[in-house]
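Here is the structure we will look at, set down as structure tokens.
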Amino acid sequence: MHLLFRSFLCSLLVSTAFADNQTANFSPINLKSTLPYAVTLSVYDMNAATVPTLQTYARGQIGDEWVLIGGRTNGLHDFTNDGLINFPPSDQNRTVWVINPVTLETWSRSLTDVSSGLTIAQIDSLSTTASQSAQQGDTLYMIGGYGYDTGLANFQTYPTLTALDLPGVIAWVKDGGPGFVNSFRQLSDEYLRVTGGELFLLGGRAQLVFGQNFIGGYTPGTNGDYTRQVRTFNLNDNGTTLSISLPAAESPQPEYRRRDLNVVPIMQGSASAGYDTGLAALSGVFTPSFGIWTVPVEITANGATTTGNSLDAATFRQGMNSYRSATISLYSPTLDQTHNVLLGGISVLYYDTATGTIEADQQIPFINGITSLVRTNSGAYSQTYLGEYPTIPNPSNNGAPFLFGAEADFFPLPGIANFNNGVLNLDSITTPTVIGYIFGGIIAERPNNGPTAASNYVFAVTLTPIPTPAFRVFGNNQLKTSTASRVVRGEASGSATAIQWRLNGNDWRQVTVNGSGKWQVNARNLRSGRNTLRLRAVNFRGDVTATQRRIILRN
């Protein structure tokens, strides 16, 4: 079951002026992928289950079951001069959802249900948009978020930290008891009054990364008070008492004026020496002139930050997948690289499917493009295009595809090998594998200035390993013949789909590797004396990594 659109005409920019990004240009997007995997999405049919339209929610996961709290049930906010129209309180999600994609079941219960035991103020604090959340064990922690406060009769960014016992929440949603309040603990602290950032629990410390404090109704031209820093603290929870202690933060920095961004884990080190876990805060919005940030900010486990020099042409500058979207984090111990897959969202750069080129749109459009942001252990970044969301034609836009990804989330499939921070072990995935699902977020009819809504689509994510093509040639490196042709035979690994060859510098030709891995080349028109035969193996993407040379001597 999928959504019906609400007609909200909206624009990401309130003027027609081009955005002023952090840097005037961007690092190139690699279109010829040489990554050791491919990522594909497919629409996942939830059958007759009722699936909510939802974006910017807090999420937890116990086994196959997802728990969704807060967020909004409509699309991108409006841009009128009335905050109540731009963020209608009626579209704040006050329903807790439990979704099981394996059994194709969903359950829901409203926080306003008398069985919850919550006060109106508590319900408001749990119904915010763009809160920061992180899970530890069976406990989901939520911080802040923006929403309507019934008691104040106004909007605010909440200063709350909430701890939710997920098994108890699931039991309440499914059967109504015991009360939600029995699985709920909360405190208030001004240090936590943040929305649009991200929360991570690393090395015994909580890290509240960037975001802002926005008070009152949102209208065009208004801004919140950006934290421009990473706030760290001890999150103390003995199961009964909840508190924070030892807050610390670096001085606010102008280039950290960011919200609605992807913050992803990065890993360094080795299995023998132990891995160091940190974070990379990617891109995000907005610069003071309504552009995007382009230079990543790296964050250590104790909250120390570093960022590249934006004036240095050698500094990596991210231009694609600029806004918060579903992300998949992978680490390869063999390659010693962190791969963070960014799926759709909002971006300056996009892949033009008609021309096969990367183009720029300074209005920062919605896109369907998927990239992998790769970080080596030395700290070098690169971005590679991997493909698009499945094409779902929009009859209201001449069959052009709907656009997905902004504010969506990735839910990993239990059982996929991972490290202690949840990053998936890329080396452990040796066959095509469904690694999880993407749910929710904003669905847009057009890249710019079009209707949007919250999405209830579920997409299955398949990761297909692509081993390095390899092959061998039967016989010696130097062959002899008395005729004008010679057949050369060999076999190839399963990742090689073809053998390309050329004789004496002529054009490359290609033969297919058969199902048993065997191949043969018939080198014709040999000249007298020495002939050079060059061979290379390629995979289905056309990647070439294995090459060999054979000498054929004709008498």
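Convention: chains lettered A, B, ... in structure tokens order; per-chain residue numbering from 1; ligands numbered from 1 as shown.
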Next on the checklist: Residues within 12 Å of Phe214 in chain A, please, as a ChimeraX atom specification. Count only C-alpha atoms; anything in the same chain fewer than 3 positions from it doesn't count.
Outcome noted: /A:129-130,144-148,154-159,193-196,211,217-219,222-227,259
Go through range 220-317 of chain A and flag each residue having an atom no more than 9 Å from range 414-427 of chain A; for those, report the closest pair of atoms plus their distance in Å to one decimal, using only C-alpha atoms, ordered by chain and rising number, as JSON lines.
{"residue": "A:Pro265", "atom": "CA", "partner": "A:Val423", "partner_atom": "CA", "distance": 7.3}
{"residue": "A:Ile266", "atom": "CA", "partner": "A:Val423", "partner_atom": "CA", "distance": 8.6}
{"residue": "A:Met267", "atom": "CA", "partner": "A:Val423", "partner_atom": "CA", "distance": 8.7}
{"residue": "A:Thr277", "atom": "CA", "partner": "A:Asn421", "partner_atom": "CA", "distance": 7.8}
Those residues with N, CA, C and O atoms, as a PDB file, in the first residue's frame please?
ATOM      1  N   PRO A 265      29.622   6.865  10.842  1.00  0.00           N
ATOM      2  CA  PRO A 265      30.800   6.348  11.533  1.00  0.00           C
ATOM      3  C   PRO A 265      31.953   6.101  10.580  1.00  0.00           C
ATOM      4  O   PRO A 265      31.750   5.749   9.414  1.00  0.00           O
ATOM      5  N   ILE A 266      33.155   6.300  11.063  1.00  0.00           N
ATOM      6  CA  ILE A 266      34.359   5.938  10.323  1.00  0.00           C
ATOM      7  C   ILE A 266      35.221   5.076  11.244  1.00  0.00           C
ATOM      8  O   ILE A 266      35.180   5.220  12.461  1.00  0.00           O
ATOM      9  N   MET A 267      36.002   4.174  10.642  1.00  0.00           N
ATOM     10  CA  MET A 267      36.817   3.262  11.424  1.00  0.00           C
ATOM     11  C   MET A 267      38.249   3.294  10.929  1.00  0.00           C
ATOM     12  O   MET A 267      38.513   3.400   9.734  1.00  0.00           O
ATOM     13  N   THR A 277      37.144   4.181  16.593  1.00  0.00           N
ATOM     14  CA  THR A 277      35.883   4.576  15.978  1.00  0.00           C
ATOM     15  C   THR A 277      35.692   6.076  16.120  1.00  0.00           C
ATOM     16  O   THR A 277      35.842   6.628  17.201  1.00  0.00           O
TER      17      THR A 277
END
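The space separating CA of Arg317 in chain A from CA of Thr384 in chain A comes to 13.1 Å.
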Checklist entry - How would you write, as a PyMOL selection string, the set of residues in range 179-288 of chain A that DSSP gives as strand (DSSP E)? => result chain A and resi 184-188+198-202+205-209+212-213+225-226+230-237+242-249+263-270+274-281
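Within 8 Å of Ala492 in chain A, once only C-alpha atoms are used and residues closer than 3 positions along the same chain are dropped, the contacting residues are Pro469, Ala470, Phe471, Arg472, Ser495, Ala496, Val513, Gly517, Lys518, Trp519 and Ala537 of chain A.
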Considering only C-alpha atoms, return as an mmCIF file with N, CA, C and O atoms, in the first residue's frame whatever protein or nucleic-acid residues lie within 8 Å of range 288-303 of chain A, sequence-local ones (same chain, fewer than 5 positions apart) excluded.
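Dumped to result-v4.cif:
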data_model
loop_
_atom_site.group_PDB
_atom_site.id
_atom_site.type_symbol
_atom_site.label_atom_id
_atom_site.label_comp_id
_atom_site.auth_asym_id
_atom_site.auth_seq_id
_atom_site.Cartn_x
_atom_site.Cartn_y
_atom_site.Cartn_z
ATOM 1 N N LEU A 13 14.405 27.057 -1.725
ATOM 2 C CA LEU A 13 14.948 28.396 -1.573
ATOM 3 C C LEU A 13 13.812 29.399 -1.630
ATOM 4 O O LEU A 13 12.887 29.250 -2.416
ATOM 5 N N ALA A 19 22.365 29.524 -4.596
ATOM 6 C CA ALA A 19 22.922 29.323 -3.276
ATOM 7 C C ALA A 19 24.417 29.628 -3.271
ATOM 8 O O ALA A 19 25.105 29.485 -4.277
ATOM 9 N N ASP A 20 24.920 30.052 -2.119
ATOM 10 C CA ASP A 20 26.340 30.319 -1.930
ATOM 11 C C ASP A 20 26.892 29.177 -1.089
ATOM 12 O O ASP A 20 26.777 29.161 0.124
ATOM 13 N N ASN A 21 27.481 28.187 -1.768
ATOM 14 C CA ASN A 21 27.966 27.006 -1.084
ATOM 15 C C ASN A 21 29.292 27.281 -0.379
ATOM 16 O O ASN A 21 29.941 28.298 -0.620
ATOM 17 N N GLN A 22 29.710 26.357 0.489
ATOM 18 C CA GLN A 22 30.957 26.551 1.223
ATOM 19 C C GLN A 22 32.134 26.688 0.272
ATOM 20 O O GLN A 22 33.054 27.467 0.526
ATOM 21 N N THR A 23 32.110 25.918 -0.828
ATOM 22 C CA THR A 23 33.158 26.029 -1.843
ATOM 23 C C THR A 23 32.519 26.253 -3.203
ATOM 24 O O THR A 23 31.388 25.830 -3.443
ATOM 25 N N PHE A 26 33.293 21.375 -6.605
ATOM 26 C CA PHE A 26 33.184 20.120 -5.876
ATOM 27 C C PHE A 26 34.200 19.117 -6.394
ATOM 28 O O PHE A 26 34.663 19.206 -7.526
ATOM 29 N N LEU A 202 29.564 6.882 21.724
ATOM 30 C CA LEU A 202 30.876 6.342 21.381
ATOM 31 C C LEU A 202 31.779 6.367 22.602
ATOM 32 O O LEU A 202 31.893 7.401 23.269
ATOM 33 N N GLY A 203 32.421 5.250 22.871
ATOM 34 C CA GLY A 203 33.440 5.215 23.910
ATOM 35 C C GLY A 203 32.964 5.686 25.263
ATOM 36 O O GLY A 203 33.722 6.335 25.999
ATOM 37 N N ARG A 205 30.803 7.987 25.840
ATOM 38 C CA ARG A 205 30.343 9.374 25.804
ATOM 39 C C ARG A 205 29.265 9.531 24.749
ATOM 40 O O ARG A 205 29.297 8.891 23.686
ATOM 41 N N GLN A 207 27.570 11.975 21.991
ATOM 42 C CA GLN A 207 27.990 13.090 21.149
ATOM 43 C C GLN A 207 26.784 13.629 20.400
ATOM 44 O O GLN A 207 26.162 12.934 19.604
ATOM 45 N N VAL A 230 30.142 20.283 18.566
ATOM 46 C CA VAL A 230 29.774 18.948 19.023
ATOM 47 C C VAL A 230 29.719 18.995 20.546
ATOM 48 O O VAL A 230 30.711 19.324 21.202
ATOM 49 N N ARG A 231 28.564 18.666 21.106
ATOM 50 C CA ARG A 231 28.383 18.663 22.556
ATOM 51 C C ARG A 231 28.512 17.228 23.061
ATOM 52 O O ARG A 231 27.781 16.346 22.613
ATOM 53 N N THR A 232 29.430 17.003 23.960
ATOM 54 C CA THR A 232 29.630 15.667 24.495
ATOM 55 C C THR A 232 29.285 15.649 25.982
ATOM 56 O O THR A 232 29.383 16.664 26.673
ATOM 57 N N ALA A 249 32.461 20.834 25.295
ATOM 58 C CA ALA A 249 32.341 21.174 23.882
ATOM 59 C C ALA A 249 33.440 22.150 23.506
ATOM 60 O O ALA A 249 33.873 22.975 24.320
ATOM 61 N N GLU A 255 32.152 27.281 10.450
ATOM 62 C CA GLU A 255 31.944 26.253 9.428
ATOM 63 C C GLU A 255 31.176 25.045 9.966
ATOM 64 O O GLU A 255 30.898 24.109 9.220
ATOM 65 N N ARG A 258 25.640 23.801 10.876
ATOM 66 C CA ARG A 258 25.045 22.768 10.042
ATOM 67 C C ARG A 258 23.894 22.074 10.763
ATOM 68 O O ARG A 258 23.903 21.899 11.974
ATOM 69 N N THR A 277 37.144 4.181 16.593
ATOM 70 C CA THR A 277 35.883 4.576 15.978
ATOM 71 C C THR A 277 35.692 6.076 16.120
ATOM 72 O O THR A 277 35.842 6.628 17.201
ATOM 73 N N GLY A 278 35.374 6.717 15.024
ATOM 74 C CA GLY A 278 35.067 8.137 15.042
ATOM 75 C C GLY A 278 33.863 8.417 14.176
ATOM 76 O O GLY A 278 33.129 7.504 13.781
ATOM 77 N N LEU A 279 33.644 9.687 13.862
ATOM 78 C CA LEU A 279 32.506 10.099 13.058
ATOM 79 C C LEU A 279 32.969 11.058 11.972
ATOM 80 O O LEU A 279 33.980 11.744 12.119
ATOM 81 N N ALA A 280 32.216 11.096 10.890
ATOM 82 C CA ALA A 280 32.397 12.119 9.862
ATOM 83 C C ALA A 280 31.062 12.818 9.663
ATOM 84 O O ALA A 280 30.061 12.177 9.343
ATOM 85 N N ALA A 281 31.043 14.118 9.908
ATOM 86 C CA ALA A 281 29.862 14.932 9.649
ATOM 87 C C ALA A 281 29.970 15.435 8.218
ATOM 88 O O ALA A 281 30.889 16.184 7.870
ATOM 89 N N LEU A 282 29.047 15.008 7.376
ATOM 90 C CA LEU A 282 29.113 15.293 5.950
ATOM 91 C C LEU A 282 28.223 16.481 5.594
ATOM 92 O O LEU A 282 27.180 16.689 6.205
ATOM 93 N N SER A 283 28.615 17.234 4.645
ATOM 94 C CA SER A 283 27.813 18.283 4.002
ATOM 95 C C SER A 283 26.816 18.938 4.958
ATOM 96 O O SER A 283 27.188 19.444 5.997
ATOM 97 N N GLY A 308 38.980 19.949 6.835
ATOM 98 C CA GLY A 308 39.948 20.363 5.835
ATOM 99 C C GLY A 308 39.854 21.842 5.515
ATOM 100 O O GLY A 308 38.852 22.522 5.821
ATOM 101 N N SER A 310 39.006 24.617 3.279
ATOM 102 C CA SER A 310 38.111 24.758 2.125
ATOM 103 C C SER A 310 38.741 25.544 0.986
ATOM 104 O O SER A 310 38.242 25.499 -0.144
ATOM 105 N N THR A 315 41.529 19.578 -0.957
ATOM 106 C CA THR A 315 40.570 19.158 0.061
ATOM 107 C C THR A 315 39.334 18.557 -0.591
ATOM 108 O O THR A 315 38.803 19.113 -1.559
ATOM 109 N N PHE A 316 38.862 17.435 -0.057
ATOM 110 C CA PHE A 316 37.651 16.826 -0.599
ATOM 111 C C PHE A 316 36.460 17.737 -0.345
ATOM 112 O O PHE A 316 36.253 18.225 0.765
ATOM 113 N N ARG A 317 35.638 17.930 -1.396
ATOM 114 C CA ARG A 317 34.464 18.808 -1.324
ATOM 115 C C ARG A 317 33.256 18.037 -1.852
ATOM 116 O O ARG A 317 33.149 17.777 -3.042
ATOM 117 N N GLN A 318 32.349 17.688 -0.963
ATOM 118 C CA GLN A 318 31.193 16.849 -1.299
ATOM 119 C C GLN A 318 30.119 17.675 -1.997
ATOM 120 O O GLN A 318 29.650 18.675 -1.468
ATOM 121 N N GLY A 319 29.682 17.219 -3.169
ATOM 122 C CA GLY A 319 28.647 17.942 -3.898
ATOM 123 C C GLY A 319 27.373 17.162 -4.110
ATOM 124 O O GLY A 319 26.373 17.715 -4.561
ATOM 125 N N SER A 322 23.658 15.885 -0.297
ATOM 126 C CA SER A 322 24.064 16.901 0.670
ATOM 127 C C SER A 322 23.203 16.910 1.929
ATOM 128 O O SER A 322 23.632 17.455 2.955
ATOM 129 N N VAL A 348 23.171 19.364 -4.606
ATOM 130 C CA VAL A 348 23.508 20.291 -5.687
ATOM 131 C C VAL A 348 23.837 19.499 -6.952
ATOM 132 O O VAL A 348 23.315 19.772 -8.024
#
